[in-house]
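Written out below as structure tokens is the structure these notes cover.
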Amino acid sequence: MARLACVEVAALPLQLLLVREPDWIPHPVAVVERETPQGLVTWVNERAWKNGIRPGMRYAGALSLCPGLRAGTVTEDSIDQGRQALVQRLQQFSPEVEESPDFTGVYWLNVAGLTPLYPSLQSWGQSLDAELGNHGFRPRIVIGYTRFGTYAVARNTPFADGDGVGAAVRGSRSPVPVRLFEDPYSERRAAQQTPLERLELQPRLREMLDKLGVRTVGTFLRMPAAGLRDRFGDSAERLRRLAGDDLQTPLRPCPPEETCEARVELEEAVVSVFHVLTSVKRLLAPLLERLAAASKAVSVLHVLLALDTRDNRIESIRPASATLDLAILLDLLQLQLHAGRLSAGVSAIDLRLEVAEAEREQLVLFNTDTRRDRKAGERAMARIRAELGEQSLVRARLHEGHLPEAGYTWEPTLDLPRAHARKLKVRSLVRRIYPRPIALPRRPGSERNDTWLIRGPECGPVIRSMGPYVVSGGWWASTVHREYYFIETRRGDLLWTFYDRKRRRWFLHGKVE
């Protein structure tokens, strides 16, 4: 049988957060979906677990249990980049690396034929563990024969220091034991001893099996296969087939990332952006021809400028979509270089290309989007990001929040969504919210609206008000009590205001158009 190794980087979002914030390692740490009191806790380390913090709690509730809790967010883009970086590091130890489609942070490696390169598979696993540890990750490594067997044993393998993810400090890290099985039978026995609670099963299925006294993989496999799907569902049937090696298939390795590189050393250091672009053009043109012959395109262009001050400057150009257009890449690079300026002369230039599959343009008889050029819009957005930074283009994303200003957040936008026309019988009013409420002048002592010039004489007096709509709470930070009103002025302005009971002031929070 082929030898396989399972590498599990448990709680990958939490480990990525600790790599980003290494000073948090000795403290209780949690990953939250957003850093607001109502944000949900998604991952916790062992110290946070011992303080009673569980995934699914609100951030405010977790802080009330553990005031010293460290928490942060990990975006989906960061997780994807972390997964890709792990695959690249694992491919340095085995040419065939398969990433699990079902479990985040689980990888299988083909370790057949590696003993001539390493004294033993045990030393290979220790070298892999040391490499990942140098980058701040704590893996579990099991070398065996089957996917499920190695995965189950990895899930049941404790860390060497008895603590959870993030307990070790860099430089004094206890090695994680590498489990090595010499025959398939010992691996199967160890896998059958794995408690079901260690596996990522649906809570309802785990509770049903626990009531029947089925708490390990071995007892689960001894259940009659007939009727298992009807009684417990598809997930139980799939677990049975996985554990019984019925779904054992050849390894499906991830393709290695294709890169193209080029370098030129200039005879004399140049400080002109024009000369730098000319040299990049000479290097880039033959690379694009080679990519075009392989049906590939440039997804990211990395330009390393070696300055005569012995410093390096790296520029990363990310077009709107993978392209083979030399003019687009040079245009984006020119914008980025002009935005940062050259602080010294450039003595050498290195190019590295990240590539992707090239999209073949297809002829379309009828163009349904003739009034707008979506590709041109994406190129314009790429130019803005190159000149002003990645955070210059954002869009609003709605989420739950107690106060109106906490009901949305701004996130970077990387693509231009296609416009879709809708037929509206009634045009909806739009409420535009100011980033910060604007303090209004004091209301006159009279209760009559027509004496209140809320926005000055140009808007006229108030002719009608609707409210109050009360928003109160905020016990986790500071008490808030707002009474919101829609106020109409004689000029026709419809203002969205509130009276703050705590500060005893009127504020303008937005207007309706």
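Chain identifiers are assigned as A, B, and so on, following the order in which chains appear in the structure tokens; residues are numbered from 1 within each chain, and ligands are numbered from 1 in order of appearance.
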Neighbour list for His135 (chain A) as a list in words, cut-off 12 Å, only C-alpha atoms, skip fewer than 2 positions in-chain
Gln15, Leu16, Leu18, Val19, Arg20, Pro22, Gly82, Ala85, Leu86, Arg89, Leu128, Asp129, Ala130, Glu131, Leu132, Gly133, Phe137, Arg138, Pro139, Arg170 and Gly171 of chain A
Any chance you can output those residues with N, CA, C and O atoms as a tab-separated table (two decimals), in the first residue's frame?
chain	number	residue	atom	x	y	z
A	15	GLN	N	-4.65	30.06	14.24
A	15	GLN	CA	-3.20	30.05	14.08
A	15	GLN	C	-2.72	31.22	13.22
A	15	GLN	O	-1.66	31.80	13.48
A	16	LEU	N	-3.49	31.57	12.19
A	16	LEU	CA	-3.12	32.72	11.38
A	16	LEU	C	-3.16	34.00	12.21
A	16	LEU	O	-2.31	34.90	12.04
A	18	LEU	N	-2.56	34.21	15.44
A	18	LEU	CA	-1.40	34.19	16.33
A	18	LEU	C	-0.10	34.42	15.56
A	18	LEU	O	0.87	34.96	16.13
A	19	VAL	N	-0.05	34.02	14.30
A	19	VAL	CA	1.13	34.36	13.48
A	19	VAL	C	1.21	35.88	13.29
A	19	VAL	O	2.29	36.48	13.32
A	20	ARG	N	0.03	36.51	13.11
A	20	ARG	CA	-0.02	37.96	12.93
A	20	ARG	C	0.25	38.70	14.24
A	20	ARG	O	0.84	39.79	14.23
A	22	PRO	N	2.03	37.62	17.46
A	22	PRO	CA	2.74	36.63	18.29
A	22	PRO	C	2.76	36.98	19.77
A	22	PRO	O	2.92	36.08	20.61
A	82	GLY	N	-3.34	32.02	3.51
A	82	GLY	CA	-2.67	31.10	4.42
A	82	GLY	C	-2.70	29.67	3.92
A	82	GLY	O	-1.70	28.94	4.03
A	85	ALA	N	-0.22	29.38	1.10
A	85	ALA	CA	1.16	29.38	1.61
A	85	ALA	C	1.51	28.03	2.24
A	85	ALA	O	2.64	27.53	2.09
A	86	LEU	N	0.56	27.40	2.93
A	86	LEU	CA	0.82	26.08	3.50
A	86	LEU	C	1.07	25.05	2.41
A	86	LEU	O	1.97	24.21	2.53
A	89	ARG	N	4.58	25.41	1.10
A	89	ARG	CA	5.60	24.91	2.01
A	89	ARG	C	5.58	23.38	2.07
A	89	ARG	O	6.64	22.74	2.17
A	128	LEU	N	9.59	18.49	8.65
A	128	LEU	CA	8.40	19.22	8.24
A	128	LEU	C	7.81	20.00	9.41
A	128	LEU	O	7.41	21.16	9.26
A	129	ASP	N	7.77	19.38	10.59
A	129	ASP	CA	7.24	20.07	11.77
A	129	ASP	C	8.08	21.29	12.11
A	129	ASP	O	7.55	22.34	12.45
A	130	ALA	N	9.42	21.16	11.99
A	130	ALA	CA	10.29	22.29	12.30
A	130	ALA	C	10.10	23.43	11.29
A	130	ALA	O	10.10	24.61	11.66
A	131	GLU	N	9.90	23.07	10.00
A	131	GLU	CA	9.71	24.11	8.98
A	131	GLU	C	8.42	24.89	9.22
A	131	GLU	O	8.41	26.12	9.18
A	132	LEU	N	7.32	24.19	9.50
A	132	LEU	CA	6.07	24.89	9.78
A	132	LEU	C	6.16	25.67	11.09
A	132	LEU	O	5.58	26.74	11.22
A	133	GLY	N	6.89	25.12	12.07
A	133	GLY	CA	7.05	25.83	13.34
A	133	GLY	C	7.82	27.12	13.19
A	133	GLY	O	7.55	28.10	13.89
A	137	PHE	N	3.37	27.97	12.84
A	137	PHE	CA	2.25	27.03	12.82
A	137	PHE	C	2.56	25.82	13.69
A	137	PHE	O	3.72	25.43	13.84
A	138	ARG	N	1.50	25.23	14.26
A	138	ARG	CA	1.62	24.02	15.07
A	138	ARG	C	0.83	22.91	14.39
A	138	ARG	O	-0.40	22.86	14.50
A	139	PRO	N	1.49	22.00	13.71
A	139	PRO	CA	0.76	20.92	13.02
A	139	PRO	C	0.71	19.65	13.85
A	139	PRO	O	1.45	19.47	14.83
A	170	ARG	N	7.60	31.01	20.49
A	170	ARG	CA	8.66	30.80	19.51
A	170	ARG	C	10.01	30.80	20.21
A	170	ARG	O	10.29	31.63	21.07
A	171	GLY	N	10.85	29.88	19.79
A	171	GLY	CA	12.17	29.78	20.37
A	171	GLY	C	12.24	28.75	21.47
A	171	GLY	O	13.31	28.23	21.77
Residues near Glu400 (chain A), cut-off 10 Å, only C-alpha atoms, skip fewer than 6 positions along chain, as a compact mmCIF listing (two decimals) with all heavy atoms, in the first residue's frame:
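Result saved to selection.txt:
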# COMPACT_ATOMS: atom_id res chain seq x y z
N THR A 36 -16.80 44.12 17.18
CA THR A 36 -17.87 44.92 17.77
C THR A 36 -18.47 44.11 18.91
O THR A 36 -18.30 42.88 18.97
CB THR A 36 -18.96 45.25 16.73
OG1 THR A 36 -19.54 44.02 16.27
CG2 THR A 36 -18.38 46.02 15.55
N GLN A 38 -21.34 42.99 19.40
CA GLN A 38 -22.25 41.96 18.94
C GLN A 38 -21.58 40.96 18.00
O GLN A 38 -22.26 40.04 17.50
CB GLN A 38 -23.45 42.60 18.22
CG GLN A 38 -24.29 43.48 19.13
CD GLN A 38 -24.88 42.71 20.29
OE1 GLN A 38 -25.43 41.64 20.11
NE2 GLN A 38 -24.75 43.25 21.49
N GLY A 39 -20.29 41.10 17.75
CA GLY A 39 -19.59 40.15 16.88
C GLY A 39 -19.53 38.77 17.51
O GLY A 39 -19.37 38.61 18.72
N ALA A 406 -23.51 51.26 13.51
CA ALA A 406 -22.86 49.96 13.62
C ALA A 406 -23.54 48.91 12.76
O ALA A 406 -23.14 47.75 12.77
CB ALA A 406 -22.84 49.50 15.07
N GLY A 407 -24.55 49.28 11.99
CA GLY A 407 -25.28 48.33 11.17
C GLY A 407 -24.66 48.08 9.81
O GLY A 407 -25.24 47.36 9.00
N TYR A 408 -23.51 48.67 9.55
CA TYR A 408 -22.83 48.43 8.27
C TYR A 408 -21.35 48.65 8.47
O TYR A 408 -20.91 49.28 9.45
CB TYR A 408 -23.36 49.39 7.19
CG TYR A 408 -23.09 50.85 7.47
CD1 TYR A 408 -21.95 51.49 6.96
CD2 TYR A 408 -23.96 51.60 8.25
CE1 TYR A 408 -21.69 52.81 7.21
CE2 TYR A 408 -23.72 52.93 8.52
CZ TYR A 408 -22.59 53.54 7.99
OH TYR A 408 -22.34 54.87 8.27
Return as a PyMOL selection string the full set of residues in region 125-334 of chain A whose backbone-based DSSP assignment is strand (DSSP E or B).
chain A and resi 140-144+178-180+195+216+259-270+296-307+312-317+323
Take the residues from that selection and write them out as a CSV table (one decimal), in the first residue's frame, keeping C-alpha atoms.
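Output (selection_25.csv):
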chain,number,residue,atom,x,y,z
A,140,ARG,CA,-0.2,17.4,13.9
A,141,ILE,CA,1.6,14.9,11.6
A,142,VAL,CA,0.6,11.2,11.2
A,143,ILE,CA,2.3,8.9,8.7
A,144,GLY,CA,0.3,5.8,7.7
A,178,VAL,CA,5.1,12.5,14.7
A,179,ARG,CA,2.9,9.4,14.8
A,180,LEU,CA,4.4,6.7,12.5
A,195,PRO,CA,-13.7,9.4,20.0
A,216,THR,CA,-15.7,5.8,19.1
A,259,THR,CA,6.0,31.3,-11.8
A,260,CYS,CA,8.1,33.1,-14.4
A,261,GLU,CA,11.1,35.1,-13.4
A,262,ALA,CA,13.6,37.5,-15.2
A,263,ARG,CA,16.4,39.7,-14.0
A,264,VAL,CA,18.5,42.5,-15.5
A,265,GLU,CA,21.4,44.4,-14.0
A,266,LEU,CA,21.8,48.0,-15.2
A,267,GLU,CA,25.1,49.3,-16.2
A,268,GLU,CA,24.4,52.6,-14.5
A,269,ALA,CA,21.9,53.3,-11.8
A,270,VAL,CA,18.9,55.2,-13.1
A,296,LYS,CA,-1.5,31.3,-19.4
A,297,ALA,CA,-1.9,34.9,-18.3
A,298,VAL,CA,-0.4,37.2,-15.6
A,299,SER,CA,-2.5,37.4,-12.4
A,300,VAL,CA,0.2,39.3,-10.3
A,301,LEU,CA,3.4,41.0,-11.4
A,302,HIS,CA,6.0,41.5,-8.7
A,303,VAL,CA,8.8,44.0,-9.5
A,304,LEU,CA,11.8,44.1,-7.2
A,305,LEU,CA,14.0,47.2,-7.6
A,306,ALA,CA,17.5,47.0,-6.2
A,307,LEU,CA,18.5,50.5,-5.2
A,312,ASN,CA,15.1,46.9,-2.1
A,313,ARG,CA,11.7,48.2,-3.1
A,314,ILE,CA,9.0,45.7,-4.1
A,315,GLU,CA,6.0,46.7,-6.2
A,316,SER,CA,3.1,44.2,-6.7
A,317,ILE,CA,0.8,44.9,-9.6
A,323,THR,CA,-4.0,39.5,-18.6
Could you state the separation of CA of Leu287 (chain A) and CA of Asp350 (chain A) in Å, given to one decimal place?
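These atoms are spaced 12.7 Å apart.
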Picked from region 283-350 of chain A by DSSP as helix (DSSP H, G or I), as a list in words:
Leu283, Leu284, Ala285, Pro286, Leu287, Leu288, Glu289, Arg290, Leu291, Ala292, Ala293, Leu326, Ala327, Ile328, Leu329, Leu330, Asp331, Leu332, Leu333, Gln334, Leu335, Gln336, Leu337, His338, Ala339 and Gly340 of chain A
Interatomic distance (Å, one decimal) between CA of Ser120 (chain A) and CA of Ala10 (chain A):
25.2 Å
Please provide as a list in words all residues within 12 Å of Pro250 (chain A), with the sequence filter that same-chain residues fewer than 5 positions apart are discarded (counting only C-alpha atoms).
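These residues fall inside the cut-off: Met1, Ala2, Arg3, Leu4, Glu96, Val97, Glu98, Trp108, Leu109, Asn110, Tyr145, Thr146, Arg147 and Asp245 of chain A.
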Would you put the residues from that selection into a file with all heavy atoms, as a compact mmCIF listing (two decimals), in the first residue's frame?
# COMPACT_ATOMS: atom_id res chain seq x y z
N MET A 1 0.84 -1.20 0.00
CA MET A 1 0.00 0.00 0.00
C MET A 1 0.88 1.25 0.00
O MET A 1 1.98 1.26 0.55
CB MET A 1 -0.91 0.02 1.23
CG MET A 1 -1.92 -1.12 1.29
SD MET A 1 -2.97 -1.05 2.74
CE MET A 1 -3.87 0.46 2.41
N ALA A 2 0.37 2.33 -0.62
CA ALA A 2 1.12 3.58 -0.67
C ALA A 2 1.16 4.22 0.71
O ALA A 2 0.20 4.13 1.49
CB ALA A 2 0.47 4.52 -1.67
N ARG A 3 2.27 4.85 1.03
CA ARG A 3 2.40 5.52 2.32
C ARG A 3 1.90 6.95 2.18
O ARG A 3 2.24 7.69 1.24
CB ARG A 3 3.86 5.54 2.78
CG ARG A 3 4.48 4.17 2.93
CD ARG A 3 3.74 3.31 3.94
NE ARG A 3 3.69 3.91 5.26
CZ ARG A 3 4.61 3.70 6.22
NH1 ARG A 3 5.64 2.91 5.96
NH2 ARG A 3 4.50 4.26 7.39
N LEU A 4 1.07 7.37 3.14
CA LEU A 4 0.50 8.71 3.18
C LEU A 4 0.85 9.37 4.50
O LEU A 4 1.02 8.69 5.52
CB LEU A 4 -1.03 8.68 3.02
CG LEU A 4 -1.62 8.31 1.66
CD1 LEU A 4 -3.14 8.28 1.76
CD2 LEU A 4 -1.18 9.30 0.60
N GLU A 96 3.59 15.62 -4.15
CA GLU A 96 2.16 15.37 -4.24
C GLU A 96 1.50 15.74 -2.92
O GLU A 96 1.67 15.04 -1.91
CB GLU A 96 1.88 13.90 -4.60
CG GLU A 96 2.43 13.50 -5.96
CD GLU A 96 2.05 12.08 -6.33
OE1 GLU A 96 1.37 11.42 -5.52
OE2 GLU A 96 2.45 11.61 -7.42
N VAL A 97 0.75 16.84 -2.94
CA VAL A 97 0.06 17.35 -1.75
C VAL A 97 -1.40 17.53 -2.13
O VAL A 97 -1.72 18.23 -3.09
CB VAL A 97 0.66 18.69 -1.27
CG1 VAL A 97 -0.12 19.21 -0.07
CG2 VAL A 97 2.13 18.53 -0.94
N GLU A 98 -2.29 16.90 -1.37
CA GLU A 98 -3.73 17.04 -1.60
C GLU A 98 -4.35 17.79 -0.42
O GLU A 98 -4.14 17.41 0.74
CB GLU A 98 -4.39 15.67 -1.73
CG GLU A 98 -5.91 15.75 -1.88
CD GLU A 98 -6.58 14.39 -1.92
OE1 GLU A 98 -5.92 13.43 -2.38
OE2 GLU A 98 -7.74 14.28 -1.49
N TRP A 108 -3.01 15.88 2.86
CA TRP A 108 -2.40 14.56 2.74
C TRP A 108 -1.24 14.64 1.76
O TRP A 108 -1.34 15.26 0.70
CB TRP A 108 -3.43 13.54 2.25
CG TRP A 108 -4.42 13.17 3.30
CD1 TRP A 108 -4.24 12.38 4.39
CD2 TRP A 108 -5.79 13.61 3.36
NE1 TRP A 108 -5.39 12.29 5.12
CE2 TRP A 108 -6.37 13.03 4.52
CE3 TRP A 108 -6.58 14.42 2.56
CZ2 TRP A 108 -7.68 13.25 4.88
CZ3 TRP A 108 -7.90 14.65 2.91
CH2 TRP A 108 -8.44 14.06 4.07
N LEU A 109 -0.13 13.98 2.12
CA LEU A 109 1.09 14.01 1.32
C LEU A 109 1.50 12.60 0.98
O LEU A 109 1.39 11.67 1.80
CB LEU A 109 2.23 14.70 2.08
CG LEU A 109 2.18 16.22 2.27
CD1 LEU A 109 1.14 16.62 3.31
CD2 LEU A 109 3.54 16.75 2.70
N ASN A 110 2.00 12.40 -0.23
CA ASN A 110 2.57 11.13 -0.65
C ASN A 110 4.03 11.09 -0.18
O ASN A 110 4.85 11.91 -0.59
CB ASN A 110 2.50 10.99 -2.17
CG ASN A 110 3.00 9.64 -2.64
OD1 ASN A 110 3.36 8.78 -1.86
ND2 ASN A 110 3.01 9.45 -3.95
N TYR A 145 -1.31 4.91 6.10
CA TYR A 145 -1.65 4.29 4.84
C TYR A 145 -2.95 4.79 4.22
O TYR A 145 -3.12 4.68 3.00
CB TYR A 145 -1.73 2.76 5.01
CG TYR A 145 -0.42 2.13 5.38
CD1 TYR A 145 -0.02 2.07 6.70
CD2 TYR A 145 0.43 1.62 4.40
CE1 TYR A 145 1.20 1.50 7.05
CE2 TYR A 145 1.64 1.05 4.74
CZ TYR A 145 2.03 1.01 6.07
OH TYR A 145 3.24 0.46 6.40
N THR A 146 -3.89 5.29 5.00
CA THR A 146 -5.19 5.69 4.48
C THR A 146 -5.50 7.12 4.89
O THR A 146 -4.97 7.62 5.90
CB THR A 146 -6.31 4.77 4.99
OG1 THR A 146 -6.40 4.88 6.42
CG2 THR A 146 -6.05 3.34 4.59
N ARG A 147 -6.37 7.76 4.11
CA ARG A 147 -6.75 9.13 4.42
C ARG A 147 -7.47 9.21 5.77
O ARG A 147 -7.09 9.98 6.64
CB ARG A 147 -7.67 9.70 3.33
CG ARG A 147 -6.99 10.08 2.04
CD ARG A 147 -8.02 10.76 1.14
NE ARG A 147 -7.46 11.14 -0.15
CZ ARG A 147 -7.37 10.35 -1.19
NH1 ARG A 147 -7.80 9.11 -1.09
NH2 ARG A 147 -6.87 10.78 -2.33
N ASP A 245 -12.91 2.69 4.37
CA ASP A 245 -12.02 2.79 3.20
C ASP A 245 -12.74 2.48 1.89
O ASP A 245 -12.11 2.13 0.89
CB ASP A 245 -10.82 1.84 3.33
CG ASP A 245 -9.90 2.23 4.48
OD1 ASP A 245 -9.94 3.42 4.85
OD2 ASP A 245 -9.19 1.37 5.00
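Going from CA of Leu335 (chain A) to CA of Arg318 (chain A) covers 12.3 Å.
Comparing the minimum interatomic distances between Arg189 (chain A) and each of A:Ala152, A:Leu201, A:Pro404, A:Leu494, counting only C-alpha atoms, we find that A:Ala152 sits nearest.
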Hey, what's within 9 Å of His509 (chain A) if we count only C-alpha atoms and toss same-chain stuff fewer than 4 positions away? As a list in words, please?
Arg432, Ile433, Tyr434, Pro435, Arg436, Pro437, Ile438, Ala439, Leu495, Trp496, Thr497 and Phe498 of chain A
Could those selected residues go to a file with C-alpha atoms, as an mmCIF file, in the first residue's frame?
data_model
loop_
_atom_site.group_PDB
_atom_site.id
_atom_site.type_symbol
_atom_site.label_atom_id
_atom_site.label_comp_id
_atom_site.auth_asym_id
_atom_site.auth_seq_id
_atom_site.Cartn_x
_atom_site.Cartn_y
_atom_site.Cartn_z
ATOM 1 C CA ARG A 432 -28.162 58.771 3.635
ATOM 2 C CA ILE A 433 -26.320 58.408 6.955
ATOM 3 C CA TYR A 434 -23.546 60.818 7.935
ATOM 4 C CA PRO A 435 -20.289 59.192 9.164
ATOM 5 C CA ARG A 436 -20.609 61.185 12.413
ATOM 6 C CA PRO A 437 -23.806 62.796 13.743
ATOM 7 C CA ILE A 438 -23.843 66.612 13.404
ATOM 8 C CA ALA A 439 -24.762 68.637 16.484
ATOM 9 C CA LEU A 495 -34.100 65.136 8.018
ATOM 10 C CA TRP A 496 -33.308 62.152 10.226
ATOM 11 C CA THR A 497 -32.499 63.461 13.700
ATOM 12 C CA PHE A 498 -32.285 62.169 17.248
#
Neighbours of Ser478 (chain A) within 12 Å (only C-alpha atoms; same-chain residues fewer than 5 positions away dropped), as a PyMOL selection string?
chain A and resi 37+472-473+502
Save out the residues we just selected, C-alpha atoms, as a PDB file, in the first residue's frame.
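Writing the result to out-v9.pdb gives the following:
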ATOM      1  CA  PRO A  37     -19.749  43.989  20.975  1.00  0.00           C
ATOM      2  CA  SER A 472     -31.403  52.432  23.972  1.00  0.00           C
ATOM      3  CA  GLY A 473     -28.919  50.036  25.561  1.00  0.00           C
ATOM      4  CA  LYS A 502     -27.436  61.577  28.002  1.00  0.00           C
TER       5      LYS A 502
END
Long-range neighbours of Thr409 (chain A) as number ranges by chain, 9 Å cut-off, only C-alpha atoms, 6 positions minimum in chain:
A: 395-399
With all heavy atoms retained, export the selected residues as a PDB file, in the first residue's frame.
ATOM      1  N   ARG A 395     -16.915  49.092  -0.412  1.00  0.00           N
ATOM      2  CA  ARG A 395     -18.362  49.046  -0.540  1.00  0.00           C
ATOM      3  C   ARG A 395     -18.950  48.723   0.823  1.00  0.00           C
ATOM      4  O   ARG A 395     -18.276  48.122   1.678  1.00  0.00           O
ATOM      5  CB  ARG A 395     -18.780  47.984  -1.559  1.00  0.00           C
ATOM      6  CG  ARG A 395     -18.356  46.575  -1.212  1.00  0.00           C
ATOM      7  CD  ARG A 395     -18.755  45.608  -2.314  1.00  0.00           C
ATOM      8  NE  ARG A 395     -18.203  44.267  -2.068  1.00  0.00           N
ATOM      9  CZ  ARG A 395     -18.284  43.278  -2.932  1.00  0.00           C
ATOM     10  NH1 ARG A 395     -18.866  43.471  -4.100  1.00  0.00           N
ATOM     11  NH2 ARG A 395     -17.761  42.092  -2.651  1.00  0.00           N
ATOM     12  N   ALA A 396     -20.197  49.118   1.026  1.00  0.00           N
ATOM     13  CA  ALA A 396     -20.858  48.911   2.308  1.00  0.00           C
ATOM     14  C   ALA A 396     -21.390  47.490   2.395  1.00  0.00           C
ATOM     15  O   ALA A 396     -21.921  46.952   1.430  1.00  0.00           O
ATOM     16  CB  ALA A 396     -21.995  49.915   2.490  1.00  0.00           C
ATOM     17  N   ARG A 397     -21.229  46.881   3.560  1.00  0.00           N
ATOM     18  CA  ARG A 397     -21.751  45.554   3.824  1.00  0.00           C
ATOM     19  C   ARG A 397     -22.614  45.613   5.089  1.00  0.00           C
ATOM     20  O   ARG A 397     -22.150  46.055   6.148  1.00  0.00           O
ATOM     21  CB  ARG A 397     -20.611  44.561   4.032  1.00  0.00           C
ATOM     22  CG  ARG A 397     -21.045  43.182   4.477  1.00  0.00           C
ATOM     23  CD  ARG A 397     -21.643  42.404   3.330  1.00  0.00           C
ATOM     24  NE  ARG A 397     -20.638  42.082   2.321  1.00  0.00           N
ATOM     25  CZ  ARG A 397     -20.922  41.447   1.196  1.00  0.00           C
ATOM     26  NH1 ARG A 397     -22.169  41.078   0.942  1.00  0.00           N
ATOM     27  NH2 ARG A 397     -19.970  41.184   0.316  1.00  0.00           N
ATOM     28  N   LEU A 398     -23.874  45.234   4.987  1.00  0.00           N
ATOM     29  CA  LEU A 398     -24.792  45.271   6.116  1.00  0.00           C
ATOM     30  C   LEU A 398     -24.508  44.115   7.065  1.00  0.00           C
ATOM     31  O   LEU A 398     -24.166  43.006   6.643  1.00  0.00           O
ATOM     32  CB  LEU A 398     -26.242  45.176   5.628  1.00  0.00           C
ATOM     33  CG  LEU A 398     -26.756  46.332   4.759  1.00  0.00           C
ATOM     34  CD1 LEU A 398     -28.192  46.077   4.347  1.00  0.00           C
ATOM     35  CD2 LEU A 398     -26.669  47.659   5.497  1.00  0.00           C
ATOM     36  N   HIS A 399     -24.634  44.375   8.363  1.00  0.00           N
ATOM     37  CA  HIS A 399     -24.577  43.334   9.368  1.00  0.00           C
ATOM     38  C   HIS A 399     -25.318  43.810  10.607  1.00  0.00           C
ATOM     39  O   HIS A 399     -25.719  44.969  10.712  1.00  0.00           O
ATOM     40  CB  HIS A 399     -23.133  42.938   9.717  1.00  0.00           C
ATOM     41  CG  HIS A 399     -22.302  44.073  10.229  1.00  0.00           C
ATOM     42  ND1 HIS A 399     -22.472  44.631  11.483  1.00  0.00           N
ATOM     43  CD2 HIS A 399     -21.294  44.768   9.664  1.00  0.00           C
ATOM     44  CE1 HIS A 399     -21.600  45.603  11.658  1.00  0.00           C
ATOM     45  NE2 HIS A 399     -20.878  45.707  10.559  1.00  0.00           N
TER      46      HIS A 399
END
Considering only C-alpha atoms, return as a PyMOL selection string whatever protein or nucleic-acid residues lie within 12 Å of Phe486 (chain A), sequence-local ones (same chain, fewer than 3 positions apart) excluded.
chain A and resi 431+462-469+483+489+493-499+507-512
